[in-house]
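Containing compact mmCIF, C-alpha atoms and all ligand atoms: run14.txt.
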# COMPACT_ATOMS: atom_id res chain seq x y z
CA MET A 1 48.24 123.11 84.47
CA ARG A 2 49.11 126.10 82.31
CA THR A 3 51.42 128.51 84.01
CA ILE A 4 54.27 130.97 83.53
CA LEU A 5 57.29 131.12 85.82
CA LEU A 6 58.69 134.61 86.17
CA GLY A 7 61.86 135.45 88.04
CA ALA A 8 65.38 136.78 87.62
CA PRO A 9 68.11 134.52 86.19
CA GLY A 10 69.00 132.10 88.99
CA ALA A 11 65.58 132.38 90.66
CA GLY A 12 65.08 128.64 90.20
CA LYS A 13 62.61 128.62 87.28
CA GLY A 14 64.12 125.49 85.68
CA SER A 15 64.17 123.45 88.90
CA VAL A 16 60.65 124.52 89.88
CA ALA A 17 59.34 123.72 86.37
CA LYS A 18 60.82 120.19 86.51
CA GLU A 19 59.18 119.48 89.90
CA LEU A 20 55.80 120.83 88.76
CA ASN A 21 56.00 118.66 85.64
CA LYS A 22 56.48 115.57 87.78
CA LEU A 23 53.42 116.52 89.84
CA TYR A 24 51.06 117.69 87.12
CA GLY A 25 52.26 115.90 83.96
CA SER A 26 52.54 119.13 82.02
CA VAL A 27 55.37 119.98 79.65
CA GLN A 28 58.21 122.38 80.50
CA ILE A 29 58.96 124.85 77.73
CA SER A 30 62.23 126.68 78.30
CA THR A 31 63.17 129.16 75.58
CA GLY A 32 66.70 129.22 77.06
CA ASP A 33 67.03 125.41 76.61
CA ILE A 34 65.62 125.59 73.06
CA LEU A 35 68.07 128.36 72.14
CA ARG A 36 71.09 126.68 73.78
CA SER A 37 70.38 123.46 71.82
CA ALA A 38 70.16 125.48 68.61
CA VAL A 39 73.47 127.24 69.35
CA GLN A 40 75.26 123.95 70.08
CA GLU A 41 73.83 122.29 67.01
CA GLU A 42 74.78 125.38 64.95
CA THR A 43 71.35 125.64 63.31
CA LYS A 44 70.20 128.81 61.52
CA LEU A 45 68.34 129.84 64.68
CA GLY A 46 71.43 129.11 66.82
CA LYS A 47 73.63 131.28 64.62
CA LYS A 48 71.17 134.19 64.96
CA ALA A 49 70.84 133.80 68.75
CA LYS A 50 74.46 133.07 69.77
CA GLU A 51 75.86 136.59 70.16
CA TYR A 52 72.89 137.93 72.11
CA MET A 53 72.99 134.99 74.48
CA GLU A 54 76.71 135.04 75.15
CA SER A 55 76.66 138.69 76.15
CA GLY A 56 73.56 138.24 78.33
CA ASP A 57 71.24 140.27 76.05
CA LEU A 58 67.76 139.17 75.02
CA VAL A 59 67.26 137.48 71.67
CA PRO A 60 64.90 139.67 69.53
CA ASP A 61 61.16 139.21 70.16
CA SER A 62 60.51 138.27 66.52
CA ILE A 63 62.81 135.21 66.76
CA ILE A 64 61.32 134.11 70.09
CA MET A 65 57.74 134.48 68.87
CA GLU A 66 58.51 132.43 65.75
CA ILE A 67 59.65 129.58 68.02
CA MET A 68 56.79 129.87 70.49
CA GLU A 69 53.98 130.16 67.92
CA VAL A 70 54.97 126.70 66.69
CA ARG A 71 55.91 125.18 70.05
CA LEU A 72 52.64 126.05 71.81
CA GLN A 73 50.65 124.25 69.12
CA GLU A 74 52.55 120.96 69.40
CA PRO A 75 50.39 118.08 70.66
CA ASP A 76 52.22 117.61 74.01
CA CYS A 77 51.03 121.10 75.08
CA LYS A 78 47.51 119.65 75.36
CA LYS A 79 48.68 118.15 78.70
CA GLY A 80 49.35 121.67 79.96
CA PHE A 81 52.58 123.67 79.97
CA ILE A 82 54.96 125.48 82.24
CA LEU A 83 56.68 128.38 80.53
CA ASP A 84 60.19 128.88 81.88
CA GLY A 85 61.99 132.01 80.66
CA PHE A 86 59.16 133.14 78.39
CA PRO A 87 57.73 135.76 78.09
CA ARG A 88 60.68 138.05 78.84
CA THR A 89 59.29 141.36 77.50
CA ILE A 90 55.91 143.11 77.48
CA ALA A 91 55.76 142.63 73.69
CA GLN A 92 56.21 138.85 74.11
CA ALA A 93 53.51 138.79 76.83
CA GLN A 94 51.06 140.64 74.58
CA LYS A 95 51.73 138.27 71.68
CA LEU A 96 51.39 135.27 73.99
CA LYS A 97 47.98 136.58 75.07
CA THR A 98 46.88 136.68 71.43
CA ILE A 99 48.08 133.10 70.81
CA ILE A 100 46.37 131.81 73.97
CA ASP A 101 43.09 133.51 73.01
CA ARG A 102 43.33 132.08 69.51
CA LEU A 103 43.90 128.56 70.89
CA ASN A 104 40.89 129.09 73.15
CA ILE A 105 42.78 128.18 76.32
CA HIS A 106 43.62 130.12 79.49
CA LEU A 107 46.51 130.48 81.95
CA ASP A 108 45.88 129.18 85.49
CA PHE A 109 48.31 131.66 87.02
CA VAL A 110 51.71 133.31 86.77
CA VAL A 111 54.22 132.54 89.51
CA ASN A 112 56.78 135.20 90.31
CA LEU A 113 59.74 133.52 92.04
CA GLU A 114 61.26 135.97 94.50
CA VAL A 115 64.89 135.61 95.61
CA PRO A 116 67.28 138.11 97.29
CA LEU A 117 70.06 139.40 95.01
CA ASP A 118 72.96 137.90 97.02
CA VAL A 119 71.38 134.43 96.73
CA ILE A 120 70.94 134.87 92.96
CA LEU A 121 74.58 135.86 92.44
CA GLU A 122 75.85 132.93 94.50
CA ARG A 123 73.55 130.47 92.67
CA LEU A 124 74.61 131.65 89.21
CA GLU A 125 78.33 131.57 89.94
CA THR A 126 78.18 128.05 91.33
CA ARG A 127 75.73 126.68 88.72
CA ARG A 128 76.91 124.18 86.13
CA THR A 129 74.94 122.72 83.20
CA CYS A 130 75.19 119.46 81.26
CA SER A 131 76.65 120.23 77.82
CA ASN A 132 74.42 117.67 76.05
CA PRO A 133 71.80 119.80 74.21
CA SER A 134 69.04 117.27 74.81
CA CYS A 135 69.84 116.90 78.54
CA GLN A 136 70.91 120.27 80.03
CA GLU A 137 70.63 118.89 83.59
CA ILE A 138 71.52 121.55 86.15
CA TYR A 139 74.13 121.08 88.90
CA ASN A 140 75.66 123.21 91.64
CA ILE A 141 79.32 122.75 92.53
CA LYS A 142 78.56 123.20 96.25
CA ARG A 143 75.15 121.63 96.83
CA ASN A 144 74.59 119.23 93.95
CA PRO A 145 77.89 118.43 92.19
CA PRO A 146 78.08 116.34 89.01
CA ALA A 147 79.56 112.81 89.00
CA GLU A 148 83.32 112.19 89.17
CA GLY A 149 85.33 113.88 86.44
CA GLY A 150 82.62 116.55 86.04
CA LYS A 151 80.29 114.20 84.14
CA CYS A 152 76.48 114.42 84.06
CA LYS A 153 74.83 111.85 86.34
CA LYS A 154 72.00 111.42 83.82
CA CYS A 155 73.76 111.12 80.46
CA GLY A 156 77.53 111.08 81.19
CA SER A 157 78.31 114.18 79.10
CA PRO A 158 80.70 116.85 80.42
CA VAL A 159 79.12 119.34 82.80
CA ILE A 160 80.21 122.91 82.05
CA GLN A 161 79.89 126.51 83.17
CA ARG A 162 77.62 128.35 80.72
CA VAL A 163 79.33 131.08 78.66
CA ASP A 164 76.70 133.52 79.95
CA GLU A 165 77.50 132.67 83.57
CA THR A 166 80.71 134.65 83.84
CA LYS A 167 80.49 137.57 86.29
CA GLU A 168 80.23 140.18 83.50
CA ALA A 169 77.49 138.34 81.59
CA ILE A 170 75.59 137.64 84.83
CA LEU A 171 75.52 141.36 85.70
CA ASN A 172 74.29 142.18 82.19
CA ARG A 173 71.58 139.51 82.41
CA LEU A 174 70.39 140.96 85.74
CA GLU A 175 70.31 144.47 84.29
CA THR A 176 68.36 143.18 81.27
CA TYR A 177 65.97 141.40 83.64
CA ASN A 178 65.34 144.60 85.65
CA SER A 179 64.73 146.79 82.62
CA LYS A 180 62.86 144.41 80.28
CA THR A 181 61.40 141.48 82.24
CA ALA A 182 60.54 142.85 85.70
CA PRO A 183 57.74 145.04 84.18
CA LEU A 184 55.89 141.76 83.49
CA ILE A 185 55.19 141.52 87.23
CA ASP A 186 52.85 144.54 86.98
CA PHE A 187 51.50 143.30 83.64
CA TYR A 188 50.31 140.00 85.14
CA GLU A 189 49.20 141.64 88.40
CA ASN A 190 46.86 143.79 86.26
CA GLU A 191 45.65 140.65 84.49
CA GLY A 192 44.75 139.23 87.93
CA LEU A 193 47.04 136.23 87.43
CA LEU A 194 50.09 136.97 89.60
CA LYS A 195 51.19 134.90 92.61
CA ASN A 196 54.42 135.91 94.40
CA VAL A 197 56.30 132.94 95.87
CA LEU A 198 59.57 132.98 97.82
CA SER A 199 62.09 130.71 96.07
CA LEU A 200 64.78 129.76 98.57
CA LYS A 201 64.36 126.02 99.12
CA LEU A 202 62.75 123.90 96.40
CA PRO A 203 60.39 121.77 98.58
CA GLU A 204 58.98 124.87 100.32
CA THR A 205 58.59 126.69 96.99
CA ILE A 206 56.68 123.76 95.49
CA ALA A 207 54.49 123.51 98.60
CA SER A 208 53.63 127.23 98.29
CA ILE A 209 52.73 126.85 94.61
CA LYS A 210 50.54 123.80 95.36
CA LYS A 211 48.77 125.81 98.05
CA GLU A 212 48.13 128.64 95.60
CA LEU A 213 46.81 126.16 93.03
CA ASN A 214 44.37 124.66 95.53
CA SER A 215 43.14 127.99 96.90
P1 LIG B 301 67.71 131.34 80.32
O1 LIG B 301 68.26 129.97 80.28
O2 LIG B 301 66.22 131.39 80.40
O3 LIG B 301 68.37 132.21 81.38
O4 LIG B 301 68.06 132.03 78.90
C1 LIG B 301 69.39 132.16 78.46
C2 LIG B 301 69.46 133.25 77.41
O5 LIG B 301 68.64 132.91 76.29
C3 LIG B 301 68.97 134.63 77.85
O6 LIG B 301 69.96 135.37 78.55
C4 LIG B 301 68.61 135.25 76.51
O7 LIG B 301 69.75 135.66 75.80
C5 LIG B 301 68.00 134.07 75.76
N1 LIG B 301 66.54 133.94 75.99
C6 LIG B 301 65.90 132.92 76.62
N2 LIG B 301 64.58 133.11 76.63
C7 LIG B 301 64.37 134.30 76.00
C8 LIG B 301 63.20 135.07 75.70
N3 LIG B 301 61.97 134.66 76.06
N4 LIG B 301 63.37 136.24 75.04
C9 LIG B 301 64.59 136.67 74.66
N5 LIG B 301 65.73 136.01 74.92
C10 LIG B 301 65.62 134.82 75.58

Would you give me this structure, written as structure tokens?
Amino acid sequence: MRTILLGAPGAGKGSVAKELNKLYGSVQISTGDILRSAVQEETKLGKKAKEYMESGDLVPDSIIMEIMEVRLQEPDCKKGFILDGFPRTIAQAQKLKTIIDRLNIHLDFVVNLEVPLDVILERLETRRTCSNPSCQEIYNIKRNPPAEGGKCKKCGSPVIQRVDETKEAILNRLETYNSKTAPLIDFYENEGLLKNVLSLKLPETIASIKKELNS
């Protein structure tokens, strides 16, 4: 399966991608996860990306495309991929199209995860993330809390609130989404690839995506 997950921050892209991976054996590529690891490990890329990320702005297209050009050609992508958080701008989508054509592959479809704004705000404010760069498991303090002492159930590292999940940064991320990423919905509609799926409860969302895949 080769697909893109579109949706506002908090729409559930990460959780949906993990479930689809289990079902289809494809690889999840999250530019957010790649960038967060780089920031924590203080690499050259991390140093460039840190400020943009903390304020909820997008990292420049040139940096993202440098990462994705390489990532999409790694051998595990032969199993298929689920792009989570990429592309985020029309320029990224156009460059992705060029890469895909050059690799002589095609996208199966693009899923747009739809969620009402009040649900998004509640999800983001209650979301917590494992601080281990190679884990980044997601929790929710109400519905899926971490283990005792705020530790990750998978790797035991501290589970934290992301710096970009303060109220101010969340509002900026949503504004950035509306102005820069939402236009991708029309872009992929015009490409004939778009499927809109309601993303409220994970099992129902996955069932809807499976139905779309089989239709
Ligand atoms: P995410 O985990 O997908 O919400 O991404 C967290 C942050 O990483 C975003 O708010 C951006 O600052 C940055 N980021 C992730 N993916 C991209 C992308 N494709 N283009 C630009 N910035 C990105």

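Around ligand LIG 301 (chain B), using only C-alpha atoms and all ligand atoms and a cut-off of 8 Å, the residues in contact are Pro9, Gly10, Ser30, Thr31, Gly32, Asp33, Leu35, Arg36, Ala49, Tyr52, Met53, Glu54, Ser55, Gly56, Asp57, Leu58, Val59, Pro60, Asp61, Ile64, Asp84, Gly85, Phe86, Pro87, Arg88, Thr89, Gln92, Asp164 and Arg173 of chain A.
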
Surrounding residues of A:Ile34 excluding itself and chain neighbours under 5 positions, 12 Å, all atoms listed in the file, as a PDB file with C-alpha atoms, in the coordinates of the input:
ATOM      1  CA  GLN A  28      58.210 122.380  80.500  1.00  0.00           C
ATOM      2  CA  ILE A  29      58.960 124.850  77.730  1.00  0.00           C
ATOM      3  CA  VAL A  39      73.470 127.240  69.350  1.00  0.00           C
ATOM      4  CA  GLN A  40      75.260 123.950  70.080  1.00  0.00           C
ATOM      5  CA  GLU A  41      73.830 122.290  67.010  1.00  0.00           C
ATOM      6  CA  THR A  43      71.350 125.640  63.310  1.00  0.00           C
ATOM      7  CA  LEU A  45      68.340 129.840  64.680  1.00  0.00           C
ATOM      8  CA  GLY A  46      71.430 129.110  66.820  1.00  0.00           C
ATOM      9  CA  ALA A  49      70.840 133.800  68.750  1.00  0.00           C
ATOM     10  CA  ILE A  63      62.810 135.210  66.760  1.00  0.00           C
ATOM     11  CA  ILE A  64      61.320 134.110  70.090  1.00  0.00           C
ATOM     12  CA  ILE A  67      59.650 129.580  68.020  1.00  0.00           C
ATOM     13  CA  MET A  68      56.790 129.870  70.490  1.00  0.00           C
ATOM     14  CA  ARG A  71      55.910 125.180  70.050  1.00  0.00           C
ATOM     15  CA  LEU A  83      56.680 128.380  80.530  1.00  0.00           C
ATOM     16  CA  ASP A  84      60.190 128.880  81.880  1.00  0.00           C
ATOM     17  CA  GLY A  85      61.990 132.010  80.660  1.00  0.00           C
ATOM     18  CA  PHE A  86      59.160 133.140  78.390  1.00  0.00           C
ATOM     19  CA  PRO A 133      71.800 119.800  74.210  1.00  0.00           C
ATOM     20  CA  SER A 134      69.040 117.270  74.810  1.00  0.00           C
ATOM     21  CA  CYS A 135      69.840 116.900  78.540  1.00  0.00           C
ATOM     22  CA  GLN A 136      70.910 120.270  80.030  1.00  0.00           C
TER      23      GLN A 136
END

>> Calculated over all atoms listed in the file, which of the candidates A:Val197, A:Ile82, A:Leu107, A:Leu121 has the smallest distance to A:Tyr24?
In response: A:Ile82

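Note that the spacing between atom CA of A:Asp118 and atom CA of A:Leu6 amounts to 18.2 Å.
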
> Between atom CA of A:Lys78 and atom CA of A:Thr98, what is the distance, to one decimal in Å?
Replying inline: 17.5 Å

> Between atom CA of A:Leu96 and atom CA of A:Lys50, what is the distance, to one decimal in Å?
Replying inline: 23.6 Å

>> At a cut-off of 10 Å, using only C-alpha atoms, what residues contact A:Tyr139? Leave out same-chain residues fewer than 2 positions from it and give the result as JSON, numbers by chain.
In response: {"A": [126, 127, 128, 129, 130, 136, 137, 141, 142, 143, 144, 145, 146, 147, 152, 153, 159, 160, 161]}

Would you export the selected residues with C-alpha atoms as a PDB file, in the frame of the given file, please?
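The file below, result_22.pdb, is the result:
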ATOM      1  CA  THR A 126      78.180 128.050  91.330  1.00  0.00           C
ATOM      2  CA  ARG A 127      75.730 126.680  88.720  1.00  0.00           C
ATOM      3  CA  ARG A 128      76.910 124.180  86.130  1.00  0.00           C
ATOM      4  CA  THR A 129      74.940 122.720  83.200  1.00  0.00           C
ATOM      5  CA  CYS A 130      75.190 119.460  81.260  1.00  0.00           C
ATOM      6  CA  GLN A 136      70.910 120.270  80.030  1.00  0.00           C
ATOM      7  CA  GLU A 137      70.630 118.890  83.590  1.00  0.00           C
ATOM      8  CA  ILE A 141      79.320 122.750  92.530  1.00  0.00           C
ATOM      9  CA  LYS A 142      78.560 123.200  96.250  1.00  0.00           C
ATOM     10  CA  ARG A 143      75.150 121.630  96.830  1.00  0.00           C
ATOM     11  CA  ASN A 144      74.590 119.230  93.950  1.00  0.00           C
ATOM     12  CA  PRO A 145      77.890 118.430  92.190  1.00  0.00           C
ATOM     13  CA  PRO A 146      78.080 116.340  89.010  1.00  0.00           C
ATOM     14  CA  ALA A 147      79.560 112.810  89.000  1.00  0.00           C
ATOM     15  CA  CYS A 152      76.480 114.420  84.060  1.00  0.00           C
ATOM     16  CA  LYS A 153      74.830 111.850  86.340  1.00  0.00           C
ATOM     17  CA  VAL A 159      79.120 119.340  82.800  1.00  0.00           C
ATOM     18  CA  ILE A 160      80.210 122.910  82.050  1.00  0.00           C
ATOM     19  CA  GLN A 161      79.890 126.510  83.170  1.00  0.00           C
TER      20      GLN A 161
END

> Contacts of stretch 204-208 of chain A at 9 Å or less, counting only C-alpha atoms, minus same-chain residues fewer than 4 places along, as a PyMOL selection string?
Replying inline: chain A and resi 16+19-20+113+197-200+212-213
